[in-house]
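Peer 1: Input file: work-v8.pdb. Contents: PDB, C-alpha atoms, pLDDT in the B column.
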```pdb
ATOM      1  CA  LEU A 737       0.000   0.000   0.000  1.00 73.00           C
ATOM      2  CA  GLU A 738       2.716   2.486   0.980  1.00 83.00           C
ATOM      3  CA  LEU A 739       4.789   1.446  -2.018  1.00 89.00           C
ATOM      4  CA  SER A 740       1.955   2.010  -4.504  1.00 89.00           C
ATOM      5  CA  ARG A 741       1.134   5.352  -2.859  1.00 92.00           C
ATOM      6  CA  LEU A 742       4.776   6.404  -3.142  1.00 93.00           C
ATOM      7  CA  ALA A 743       4.941   5.255  -6.781  1.00 94.00           C
ATOM      8  CA  HIS A 744       1.770   7.266  -7.505  1.00 93.00           C
ATOM      9  CA  ASP A 745       3.249  10.390  -5.844  1.00 93.00           C
ATOM     10  CA  LEU A 746       6.465  10.059  -7.833  1.00 94.00           C
ATOM     11  CA  LYS A 747       4.535   9.666 -11.082  1.00 93.00           C
ATOM     12  CA  ARG A 748       2.578  12.796 -10.280  1.00 93.00           C
ATOM     13  CA  SER A 749       5.791  14.737  -9.541  1.00 94.00           C
ATOM     14  CA  PHE A 750       7.715  13.216 -12.477  1.00 94.00           C
ATOM     15  CA  PRO A 751       5.087  12.325 -15.109  1.00 91.00           C
ATOM     16  CA  MET A 752       7.609  11.404 -17.831  1.00 89.00           C
ATOM     17  CA  ALA A 753      10.014   9.562 -15.531  1.00 90.00           C
ATOM     18  CA  LYS A 754      10.949   5.933 -15.958  1.00 92.00           C
ATOM     19  CA  PHE A 755      11.688   4.248 -12.675  1.00 95.00           C
ATOM     20  CA  VAL A 756      11.491   0.860 -10.980  1.00 96.00           C
ATOM     21  CA  ILE A 757      10.312   0.644  -7.382  1.00 96.00           C
ATOM     22  CA  TRP A 758      10.471  -2.274  -4.952  1.00 96.00           C
ATOM     23  CA  SER A 759      10.964  -3.076  -1.295  1.00 95.00           C
ATOM     24  CA  ILE A 760      12.078  -5.965   0.886  1.00 94.00           C
ATOM     25  CA  ASN A 761       8.504  -6.128   2.163  1.00 92.00           C
ATOM     26  CA  MET A 762       7.365  -7.353  -1.257  1.00 94.00           C
ATOM     27  CA  LEU A 763       8.740 -10.753  -0.183  1.00 94.00           C
ATOM     28  CA  ALA A 764       7.039 -10.621   3.253  1.00 91.00           C
ATOM     29  CA  ASP A 765       4.559 -13.373   2.292  1.00 91.00           C
ATOM     30  CA  TYR A 766       7.513 -15.761   2.046  1.00 92.00           C
ATOM     31  CA  ALA A 767       9.177 -14.721   5.304  1.00 89.00           C
ATOM     32  CA  HIS A 768       9.063 -16.631   8.586  1.00 80.00           C
ATOM     33  CA  TYR A 769       8.759 -13.519  10.728  1.00 73.00           C
ATOM     34  CA  ALA A 770       7.357 -10.097   9.953  1.00 64.00           C
ATOM     35  CA  ILE A 771      10.054  -8.019   8.305  1.00 72.00           C
ATOM     36  CA  GLY A 772      11.233  -5.584  10.976  1.00 72.00           C
ATOM     37  CA  ARG A 773      12.403  -2.587   8.979  1.00 81.00           C
ATOM     38  CA  ASP A 774      11.484  -2.299   5.346  1.00 88.00           C
ATOM     39  CA  LEU A 775      13.829  -0.826   2.775  1.00 93.00           C
ATOM     40  CA  ILE A 776      12.428   0.785  -0.355  1.00 95.00           C
ATOM     41  CA  VAL A 777      14.596   0.891  -3.473  1.00 97.00           C
ATOM     42  CA  ILE A 778      14.018   3.132  -6.470  1.00 97.00           C
ATOM     43  CA  GLU A 779      16.018   2.597  -9.640  1.00 97.00           C
ATOM     44  CA  THR A 780      16.121   5.458 -12.126  1.00 96.00           C
ATOM     45  CA  ASP A 781      18.480   7.175 -14.518  1.00 95.00           C
ATOM     46  CA  LYS A 782      21.196   9.660 -13.610  1.00 95.00           C
ATOM     47  CA  ILE A 783      19.246  12.633 -14.989  1.00 94.00           C
ATOM     48  CA  LEU A 784      16.370  12.172 -12.508  1.00 95.00           C
ATOM     49  CA  SER A 785      18.084  10.599  -9.515  1.00 96.00           C
ATOM     50  CA  THR A 786      18.971  13.785  -7.598  1.00 97.00           C
ATOM     51  CA  SER A 787      15.553  15.392  -8.143  1.00 97.00           C
ATOM     52  CA  MET A 788      13.827  12.196  -7.066  1.00 96.00           C
ATOM     53  CA  ARG A 789      15.963  11.947  -3.930  1.00 97.00           C
ATOM     54  CA  ASP A 790      15.142  15.567  -3.048  1.00 97.00           C
ATOM     55  CA  ALA A 791      11.408  14.994  -3.580  1.00 96.00           C
ATOM     56  CA  LEU A 792      11.549  11.955  -1.263  1.00 96.00           C
ATOM     57  CA  ILE A 793      13.326  13.945   1.450  1.00 95.00           C
ATOM     58  CA  GLN A 794      10.587  16.594   1.227  1.00 95.00           C
ATOM     59  CA  LYS A 795       8.019  13.828   1.773  1.00 93.00           C
ATOM     60  CA  GLY A 796       9.775  12.842   5.017  1.00 92.00           C
ATOM     61  CA  TYR A 797      11.738   9.813   3.825  1.00 93.00           C
ATOM     62  CA  HIS A 798      15.358   9.109   4.714  1.00 93.00           C
ATOM     63  CA  ALA A 799      16.374   9.096   1.043  1.00 95.00           C
ATOM     64  CA  ILE A 800      19.936   8.340   0.009  1.00 96.00           C
ATOM     65  CA  LEU A 801      21.279   8.607  -3.517  1.00 98.00           C
ATOM     66  CA  ASN A 802      23.702   5.819  -4.500  1.00 97.00           C
ATOM     67  CA  PRO A 803      24.052   4.449  -0.948  1.00 97.00           C
ATOM     68  CA  GLN A 804      27.415   3.232   0.319  1.00 96.00           C
ATOM     69  CA  ASN A 805      28.043   0.016   2.278  1.00 96.00           C
ATOM     70  CA  ARG A 806      27.539   1.796   5.593  1.00 95.00           C
ATOM     71  CA  ASP A 807      24.065   2.931   4.508  1.00 94.00           C
ATOM     72  CA  PHE A 808      23.085  -0.682   3.773  1.00 94.00           C
ATOM     73  CA  GLN A 809      24.422  -1.793   7.143  1.00 93.00           C
ATOM     74  CA  GLU A 810      22.636   0.953   9.101  1.00 91.00           C
ATOM     75  CA  TYR A 811      19.367   1.537   7.205  1.00 88.00           C
ATOM     76  CA  ALA A 812      17.303   0.021  10.033  1.00 84.00           C
ATOM     77  CA  TYR A 813      18.592   2.547  12.601  1.00 86.00           C
ATOM     78  CA  TYR A 814      16.976   5.615  11.026  1.00 80.00           C
ATOM     79  CA  GLY A 815      13.721   6.909  12.469  1.00 75.00           C
ATOM     80  CA  GLU A 816      12.287   7.711   9.045  1.00 77.00           C
ATOM     81  CA  LYS A 817      11.520   5.108   6.401  1.00 87.00           C
ATOM     82  CA  SER A 818      14.630   4.480   4.294  1.00 91.00           C
ATOM     83  CA  VAL A 819      14.572   4.836   0.514  1.00 96.00           C
ATOM     84  CA  PHE A 820      17.667   4.122  -1.549  1.00 97.00           C
ATOM     85  CA  VAL A 821      17.777   5.778  -4.961  1.00 98.00           C
ATOM     86  CA  LEU A 822      20.026   3.865  -7.334  1.00 98.00           C
ATOM     87  CA  GLU A 823      21.240   5.189 -10.663  1.00 97.00           C
ATOM     88  CA  ARG A 824      20.464   2.017 -12.511  1.00 94.00           C
ATOM     89  CA  GLU A 825      18.650   1.181 -15.737  1.00 90.00           C
ATOM     90  CA  GLU A 826      18.317  -2.614 -15.672  1.00 92.00           C
ATOM     91  CA  ALA A 827      15.346  -3.605 -17.832  1.00 93.00           C
ATOM     92  CA  TYR A 828      15.420  -7.365 -17.205  1.00 94.00           C
ATOM     93  CA  GLY A 829      13.031  -9.136 -14.830  1.00 93.00           C
ATOM     94  CA  LEU A 830      10.405  -6.399 -14.629  1.00 94.00           C
ATOM     95  CA  SER A 831       6.629  -6.488 -14.693  1.00 90.00           C
ATOM     96  CA  LYS A 832       3.823  -3.962 -14.401  1.00 88.00           C
ATOM     97  CA  LEU A 833       1.663  -3.820 -11.305  1.00 80.00           C
ATOM     98  CA  ASP A 834      -1.127  -1.222 -11.556  1.00 79.00           C
ATOM     99  CA  GLU A 835       0.910   0.920 -13.976  1.00 80.00           C
ATOM    100  CA  THR A 836       3.944   0.718 -11.682  1.00 88.00           C
ATOM    101  CA  VAL A 837       7.073  -1.052 -12.901  1.00 92.00           C
ATOM    102  CA  VAL A 838       8.261  -3.573 -10.293  1.00 93.00           C
ATOM    103  CA  PRO A 839      10.783  -6.413 -10.389  1.00 96.00           C
ATOM    104  CA  THR A 840       9.735 -10.056 -10.354  1.00 96.00           C
ATOM    105  CA  PRO A 841      10.147 -11.913  -7.027  1.00 95.00           C
ATOM    106  CA  GLU A 842      13.234 -13.720  -8.381  1.00 97.00           C
ATOM    107  CA  ARG A 843      14.903 -10.420  -9.184  1.00 97.00           C
ATOM    108  CA  ILE A 844      14.034  -8.888  -5.799  1.00 97.00           C
ATOM    109  CA  TRP A 845      15.372 -11.971  -4.017  1.00 97.00           C
ATOM    110  CA  LEU A 846      18.624 -11.845  -6.010  1.00 97.00           C
ATOM    111  CA  ASP A 847      19.052  -8.108  -5.420  1.00 98.00           C
ATOM    112  CA  ILE A 848      18.677  -8.652  -1.666  1.00 97.00           C
ATOM    113  CA  TYR A 849      21.315 -11.399  -1.908  1.00 96.00           C
ATOM    114  CA  TYR A 850      23.555  -8.998  -3.848  1.00 97.00           C
ATOM    115  CA  PHE A 851      23.120  -6.277  -1.217  1.00 97.00           C
ATOM    116  CA  ILE A 852      23.860  -8.717   1.625  1.00 95.00           C
ATOM    117  CA  THR A 853      27.010 -10.125   0.022  1.00 96.00           C
ATOM    118  CA  ARG A 854      28.364  -7.022  -1.730  1.00 96.00           C
ATOM    119  CA  LYS A 855      27.112  -4.128   0.378  1.00 96.00           C
ATOM    120  CA  GLY A 856      26.744  -5.634   3.852  1.00 95.00           C
ATOM    121  CA  LEU A 857      22.947  -5.214   3.978  1.00 94.00           C
ATOM    122  CA  SER A 858      21.754  -5.900   7.496  1.00 90.00           C
ATOM    123  CA  PHE A 859      19.433  -8.801   6.655  1.00 90.00           C
ATOM    124  CA  SER A 860      19.524 -12.439   7.776  1.00 90.00           C
ATOM    125  CA  PRO A 861      20.920 -14.829   5.132  1.00 92.00           C
ATOM    126  CA  SER A 862      19.007 -17.614   6.890  1.00 92.00           C
ATOM    127  CA  GLU A 863      15.745 -15.693   6.406  1.00 92.00           C
ATOM    128  CA  LEU A 864      16.647 -15.115   2.747  1.00 94.00           C
ATOM    129  CA  GLY A 865      17.100 -18.880   2.316  1.00 93.00           C
ATOM    130  CA  LEU A 866      13.723 -19.512   3.948  1.00 93.00           C
ATOM    131  CA  MET A 867      12.113 -16.954   1.627  1.00 94.00           C
ATOM    132  CA  PHE A 868      13.509 -18.836  -1.372  1.00 95.00           C
ATOM    133  CA  ALA A 869      12.164 -22.171  -0.096  1.00 94.00           C
ATOM    134  CA  ASN A 870       8.727 -20.631   0.475  1.00 94.00           C
ATOM    135  CA  MET A 871       8.751 -18.995  -2.970  1.00 95.00           C
ATOM    136  CA  LEU A 872       9.480 -22.430  -4.416  1.00 93.00           C
ATOM    137  CA  ARG A 873       6.684 -24.091  -2.409  1.00 92.00           C
ATOM    138  CA  LYS A 874       4.033 -21.438  -3.038  1.00 92.00           C
ATOM    139  CA  GLU A 875       4.145 -19.945  -6.535  1.00 86.00           C
ATOM    140  CA  GLY A 876       7.271 -21.641  -7.782  1.00 89.00           C
ATOM    141  CA  VAL A 877      10.480 -20.058  -9.034  1.00 95.00           C
ATOM    142  CA  ASN A 878      11.256 -19.286 -12.651  1.00 95.00           C
ATOM    143  CA  PHE A 879      14.767 -20.762 -12.708  1.00 95.00           C
ATOM    144  CA  ASN A 880      15.533 -19.452 -16.196  1.00 93.00           C
ATOM    145  CA  ARG A 881      14.725 -15.919 -15.085  1.00 95.00           C
ATOM    146  CA  LEU A 882      16.622 -16.371 -11.820  1.00 96.00           C
ATOM    147  CA  LEU A 883      19.792 -17.619 -13.503  1.00 95.00           C
ATOM    148  CA  ARG A 884      19.610 -15.154 -16.400  1.00 95.00           C
ATOM    149  CA  TYR A 885      19.361 -12.252 -13.969  1.00 97.00           C
ATOM    150  CA  ALA A 886      22.071 -13.840 -11.789  1.00 96.00           C
ATOM    151  CA  ARG A 887      24.350 -13.777 -14.847  1.00 95.00           C
ATOM    152  CA  ARG A 888      23.612 -10.082 -15.384  1.00 96.00           C
ATOM    153  CA  ARG A 889      24.536  -9.472 -11.731  1.00 96.00           C
ATOM    154  CA  ASN A 890      27.673 -11.694 -11.992  1.00 95.00           C
ATOM    155  CA  LEU A 891      26.131 -14.082  -9.459  1.00 94.00           C
ATOM    156  CA  ARG A 892      25.400 -17.104 -11.649  1.00 92.00           C
ATOM    157  CA  ASP A 893      28.121 -19.369 -10.216  1.00 88.00           C
ATOM    158  CA  GLU A 894      27.062 -18.523  -6.652  1.00 91.00           C
ATOM    159  CA  MET A 895      23.451 -19.349  -7.489  1.00 92.00           C
ATOM    160  CA  ILE A 896      24.435 -22.683  -9.076  1.00 90.00           C
ATOM    161  CA  ILE A 897      26.363 -23.562  -5.888  1.00 88.00           C
ATOM    162  CA  PHE A 898      23.407 -22.482  -3.715  1.00 92.00           C
ATOM    163  CA  LEU A 899      20.884 -24.478  -5.777  1.00 92.00           C
ATOM    164  CA  TYR A 900      23.116 -27.552  -5.936  1.00 87.00           C
ATOM    165  CA  ASN A 901      23.641 -27.576  -2.167  1.00 87.00           C
ATOM    166  CA  LEU A 902      19.926 -26.990  -1.611  1.00 91.00           C
ATOM    167  CA  LYS A 903      19.034 -29.893  -3.906  1.00 88.00           C
ATOM    168  CA  GLN A 904      21.477 -32.181  -2.063  1.00 85.00           C
ATOM    169  CA  SER A 905      20.134 -31.334   1.385  1.00 89.00           C
ATOM    170  CA  SER A 906      16.379 -30.837   0.908  1.00 88.00           C
ATOM    171  CA  PRO A 907      13.393 -32.346  -0.904  1.00 89.00           C
ATOM    172  CA  LEU A 908      12.638 -29.011  -2.621  1.00 89.00           C
ATOM    173  CA  PRO A 909      11.767 -29.375  -6.319  1.00 89.00           C
ATOM    174  CA  ILE A 910      14.891 -28.059  -8.037  1.00 90.00           C
ATOM    175  CA  PRO A 911      15.130 -29.206 -11.670  1.00 89.00           C
ATOM    176  CA  ASP A 912      18.203 -31.167 -12.771  1.00 85.00           C
ATOM    177  CA  ASN A 913      18.448 -29.334 -16.099  1.00 86.00           C
ATOM    178  CA  ILE A 914      19.872 -26.215 -14.445  1.00 87.00           C
ATOM    179  CA  PHE A 915      23.004 -28.206 -13.623  1.00 83.00           C
ATOM    180  CA  ILE A 916      23.625 -29.453 -17.176  1.00 78.00           C
ATOM    181  CA  GLY A 917      27.295 -29.065 -17.947  1.00 74.00           C
ATOM    182  CA  ARG A 918      28.043 -28.292 -14.302  1.00 74.00           C
ATOM    183  CA  LYS A 919      26.981 -31.341 -12.299  1.00 70.00           C
ATOM    184  CA  GLN A 920      30.095 -33.336 -13.165  1.00 74.00           C
ATOM    185  CA  ALA A 921      32.311 -30.341 -12.398  1.00 77.00           C
ATOM    186  CA  ILE A 922      30.596 -29.863  -9.018  1.00 77.00           C
ATOM    187  CA  GLU A 923      31.064 -33.553  -8.156  1.00 79.00           C
ATOM    188  CA  ILE A 924      34.747 -33.410  -9.158  1.00 83.00           C
ATOM    189  CA  ILE A 925      35.280 -30.249  -7.096  1.00 78.00           C
ATOM    190  CA  LYS A 926      33.608 -31.961  -4.127  1.00 80.00           C
ATOM    191  CA  GLU A 927      36.041 -34.889  -4.463  1.00 84.00           C
ATOM    192  CA  MET A 928      38.987 -32.522  -4.797  1.00 85.00           C
ATOM    193  CA  VAL A 929      37.963 -30.737  -1.576  1.00 84.00           C
ATOM    194  CA  GLU A 930      37.639 -34.072   0.217  1.00 85.00           C
ATOM    195  CA  GLY A 931      41.115 -35.038  -1.029  1.00 84.00           C
ATOM    196  CA  ALA A 932      42.621 -31.718   0.004  1.00 82.00           C
ATOM    197  CA  THR A 933      41.180 -31.936   3.510  1.00 84.00           C
ATOM    198  CA  GLU A 934      42.194 -35.549   4.304  1.00 78.00           C
TER     199      GLU A 934
END
```
Rewrite the structure of this file - the entire thing - as structure tokens.
Peer 2:
Amino acid sequence: LELSRLAHDLKRSFPMAKFVIWSINMLADYAHYAIGRDLIVIETDKILSTSMRDALIQKGYHAILNPQNRDFQEYAYYGEKSVFVLEREEAYGLSKLDETVVPTPERIWLDIYYFITRKGLSFSPSELGLMFANMLRKEGVNFNRLLRYARRRNLRDEMIIFLYNLKQSSPLPIPDNIFIGRKQAIEIIKEMVEGATE
């Protein structure tokens, strides 16, 4: 509700603007616990980013343009709702929701993973894993979309490792075809690690 209201306000202030808006809370249905502090992310181009940040500050948000690692680590400590404005024009993995452009759940999940591992986002990796399992159980995961976006984020190998380990240790329905050309390599690497640690 707040996200759609904010998107509507931004469209009114910037009628010709192209932007993507999402928040961690969009994955709340898959979480174990209620998400404590939400983080809203707006992706837009460099021309609009400063104006958008300023408009958000005027609306009472703690808006930060191109946040640094420290901002990701401390976003939950601010009294106001945090909004990170990223100068980013990634067109993959998007859909329209009531005339608002939002990322697919797979893309949101991967971006949270990226922020945790690359920016130090203060968010539980365990909870992120649970969210993935619940996404898989409820609506399912589009693995092609997940891995294609992971490649664009330079995270494909990490996702293959995550999915392989998940398949080995859980009954979750992870298709074998995503490991084609990699399964043998993963098995060999596993043997090499065992040999190196004897």
Peer 1: Translate the PyMOL selection byres ((chain A and resi 768) around 12) into a concrete residue list for this structure, as a compact mmCIF listing (two decimals) with C-alpha atoms, in the coordinates of the input.
Peer 2:
```
# COMPACT_ATOMS: atom_id res chain seq x y z
CA LEU A 763 8.74 -10.75 -0.18
CA ALA A 764 7.04 -10.62 3.25
CA ASP A 765 4.56 -13.37 2.29
CA TYR A 766 7.51 -15.76 2.05
CA ALA A 767 9.18 -14.72 5.30
CA TYR A 769 8.76 -13.52 10.73
CA ALA A 770 7.36 -10.10 9.95
CA ILE A 771 10.05 -8.02 8.30
CA GLY A 772 11.23 -5.58 10.98
CA SER A 860 19.52 -12.44 7.78
CA SER A 862 19.01 -17.61 6.89
CA GLU A 863 15.74 -15.69 6.41
CA LEU A 864 16.65 -15.12 2.75
CA GLY A 865 17.10 -18.88 2.32
CA LEU A 866 13.72 -19.51 3.95
CA MET A 867 12.11 -16.95 1.63
CA PHE A 868 13.51 -18.84 -1.37
CA ALA A 869 12.16 -22.17 -0.10
CA ASN A 870 8.73 -20.63 0.48
CA MET A 871 8.75 -19.00 -2.97
```
Peer 1: What separation in Å, quoted to one decimal, exists between atom CA of Ile757 of chain A and atom CA of Thr836 of chain A?
Peer 2: 7.7 Å
Peer 1: Have a look at A:Val877, A:Val777, A:Ile800, A:Ile924 and name the one nearest to Phe851 of chain A; count only C-alpha atoms.
Peer 2: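 Comparing A:Val877, A:Val777, A:Ile800, A:Ile924 against Phe851 of chain A, the winner is A:Val777.
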Peer 1: Using the chain letters and numbering of this document, enumerate as a PDB file with C-alpha atoms, in the frame of the given file the residues selected by the PyMOL selection byres ((chain A and resi 840) around 8).
Peer 2:
```
ATOM      1  CA  GLY A 829      13.031  -9.136 -14.830  1.00 93.00           C
ATOM      2  CA  LEU A 830      10.405  -6.399 -14.629  1.00 94.00           C
ATOM      3  CA  SER A 831       6.629  -6.488 -14.693  1.00 90.00           C
ATOM      4  CA  VAL A 838       8.261  -3.573 -10.293  1.00 93.00           C
ATOM      5  CA  PRO A 839      10.783  -6.413 -10.389  1.00 96.00           C
ATOM      6  CA  PRO A 841      10.147 -11.913  -7.027  1.00 95.00           C
ATOM      7  CA  GLU A 842      13.234 -13.720  -8.381  1.00 97.00           C
ATOM      8  CA  ARG A 843      14.903 -10.420  -9.184  1.00 97.00           C
ATOM      9  CA  ILE A 844      14.034  -8.888  -5.799  1.00 97.00           C
TER      10      ILE A 844
END
```
Peer 1: What's the separation between atom CA of Arg741 of chain A and atom CA of Tyr797 of chain A, in Å to one decimal place?
Peer 2: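 Separation of atom CA of Arg741 of chain A and atom CA of Tyr797 of chain A: 13.3 Å.
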Peer 1: Compare A:Gly856, A:Ser740, A:Leu899, A:Glu779 by their minimum atom-to-atom distance to Leu882 of chain A, counting all atoms listed in the file, and give me the closest one.
Peer 2: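 With all atoms listed in the file as the atom set, the closest residue is A:Leu899.
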Peer 1: Can you tell me, as a PyMOL selection string, what residues are no more than 12 Å from segment 781-791 of chain A when counting all atoms listed in the file, ignoring any on the same chain fewer than 6 positions away?
Peer 2: chain A and resi 742-743+745-756+797-803+818-827
Peer 1: One decimal, Å: what's the distance from atom CA of Asp847 of chain A over to atom CA of Arg889 of chain A, could you say?
Peer 2: 8.5 Å
Peer 1: Can you find the residues with an atom no farther than 10 Å from (18.0, -26.2, -7.4), counting only C-alpha atoms, and report them as a PyMOL selection string?
Peer 2: chain A and resi 872+877+879+895-904+906+908-915
Peer 1: Report the residues retrieved by the PyMOL selection byres ((chain A and resi 815) around 12) from the displayed file, expressed as a tab-separated table (two decimals) with C-alpha atoms, in the frame of the given file.
Peer 2:
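The file below, out_6.tsv, is the result:
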```
chain	number	residue	atom	x	y	z
A	773	ARG	CA	12.40	-2.59	8.98
A	774	ASP	CA	11.48	-2.30	5.35
A	796	GLY	CA	9.78	12.84	5.02
A	797	TYR	CA	11.74	9.81	3.82
A	798	HIS	CA	15.36	9.11	4.71
A	799	ALA	CA	16.37	9.10	1.04
A	810	GLU	CA	22.64	0.95	9.10
A	811	TYR	CA	19.37	1.54	7.20
A	812	ALA	CA	17.30	0.02	10.03
A	813	TYR	CA	18.59	2.55	12.60
A	814	TYR	CA	16.98	5.62	11.03
A	816	GLU	CA	12.29	7.71	9.04
A	817	LYS	CA	11.52	5.11	6.40
A	818	SER	CA	14.63	4.48	4.29
```
Peer 1: Pick from A:Tyr828, A:Glu923, A:Arg918, A:Val837: nearest to Arg884 of chain A, with only C-alpha atoms counted?
Peer 2: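 That would be A:Tyr828, the residue with the smallest distance to Arg884 of chain A.
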Peer 1: All heavy atoms are needed for segment 913-921 of chain A; please write them out as a compact mmCIF listing (two decimals), keeping the file's coordinate frame.
Peer 2:
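Wrote rebuild_28.txt, looks like this:
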```
# COMPACT_ATOMS: atom_id res chain seq x y z
N ASN A 913 17.92 -29.95 -14.87
CA ASN A 913 18.45 -29.33 -16.10
C ASN A 913 19.25 -28.05 -15.86
O ASN A 913 20.03 -27.65 -16.71
CB ASN A 913 17.31 -29.07 -17.10
CG ASN A 913 16.35 -28.00 -16.63
OD1 ASN A 913 16.17 -27.80 -15.42
ND2 ASN A 913 15.72 -27.33 -17.56
N ILE A 914 19.08 -27.43 -14.70
CA ILE A 914 19.87 -26.22 -14.44
C ILE A 914 21.33 -26.53 -14.16
O ILE A 914 22.17 -25.65 -14.19
CB ILE A 914 19.28 -25.34 -13.31
CG1 ILE A 914 19.28 -26.08 -11.98
CG2 ILE A 914 17.92 -24.83 -13.67
CD1 ILE A 914 18.84 -25.23 -10.81
N PHE A 915 21.62 -27.81 -13.91
CA PHE A 915 23.00 -28.21 -13.62
C PHE A 915 23.70 -28.81 -14.84
O PHE A 915 24.84 -29.24 -14.73
CB PHE A 915 23.04 -29.21 -12.46
CG PHE A 915 22.39 -28.69 -11.21
CD1 PHE A 915 21.23 -29.27 -10.74
CD2 PHE A 915 22.93 -27.62 -10.52
CE1 PHE A 915 20.62 -28.79 -9.58
CE2 PHE A 915 22.33 -27.14 -9.38
CZ PHE A 915 21.17 -27.72 -8.90
N ILE A 916 23.03 -28.85 -15.98
CA ILE A 916 23.62 -29.45 -17.18
C ILE A 916 24.95 -28.77 -17.48
O ILE A 916 25.06 -27.54 -17.53
CB ILE A 916 22.66 -29.35 -18.38
CG1 ILE A 916 21.48 -30.29 -18.17
CG2 ILE A 916 23.37 -29.67 -19.69
CD1 ILE A 916 20.37 -30.17 -19.17
N GLY A 917 25.96 -29.60 -17.66
CA GLY A 917 27.30 -29.06 -17.95
C GLY A 917 28.06 -28.64 -16.71
O GLY A 917 29.21 -28.24 -16.78
N ARG A 918 27.39 -28.72 -15.55
CA ARG A 918 28.04 -28.29 -14.30
C ARG A 918 28.08 -29.39 -13.25
O ARG A 918 28.92 -29.39 -12.38
CB ARG A 918 27.32 -27.09 -13.71
CG ARG A 918 27.45 -25.85 -14.53
CD ARG A 918 26.72 -24.70 -13.87
NE ARG A 918 26.88 -23.52 -14.69
CZ ARG A 918 26.11 -23.23 -15.73
NH1 ARG A 918 25.14 -24.05 -16.07
NH2 ARG A 918 26.31 -22.14 -16.43
N LYS A 919 27.12 -30.33 -13.34
CA LYS A 919 26.98 -31.34 -12.30
C LYS A 919 28.28 -32.14 -12.12
O LYS A 919 28.74 -32.35 -11.01
CB LYS A 919 25.82 -32.27 -12.63
CG LYS A 919 25.28 -33.01 -11.43
CD LYS A 919 23.93 -33.62 -11.71
CE LYS A 919 23.35 -34.16 -10.43
NZ LYS A 919 22.02 -34.67 -10.59
N GLN A 920 28.86 -32.56 -13.24
CA GLN A 920 30.10 -33.34 -13.16
C GLN A 920 31.21 -32.49 -12.55
O GLN A 920 31.96 -32.97 -11.70
CB GLN A 920 30.51 -33.84 -14.55
CG GLN A 920 31.68 -34.81 -14.46
CD GLN A 920 32.06 -35.34 -15.83
OE1 GLN A 920 31.54 -34.93 -16.84
NE2 GLN A 920 33.01 -36.27 -15.83
N ALA A 921 31.28 -31.24 -12.96
CA ALA A 921 32.31 -30.34 -12.40
C ALA A 921 32.12 -30.18 -10.90
O ALA A 921 33.09 -30.22 -10.13
CB ALA A 921 32.26 -28.98 -13.09
```
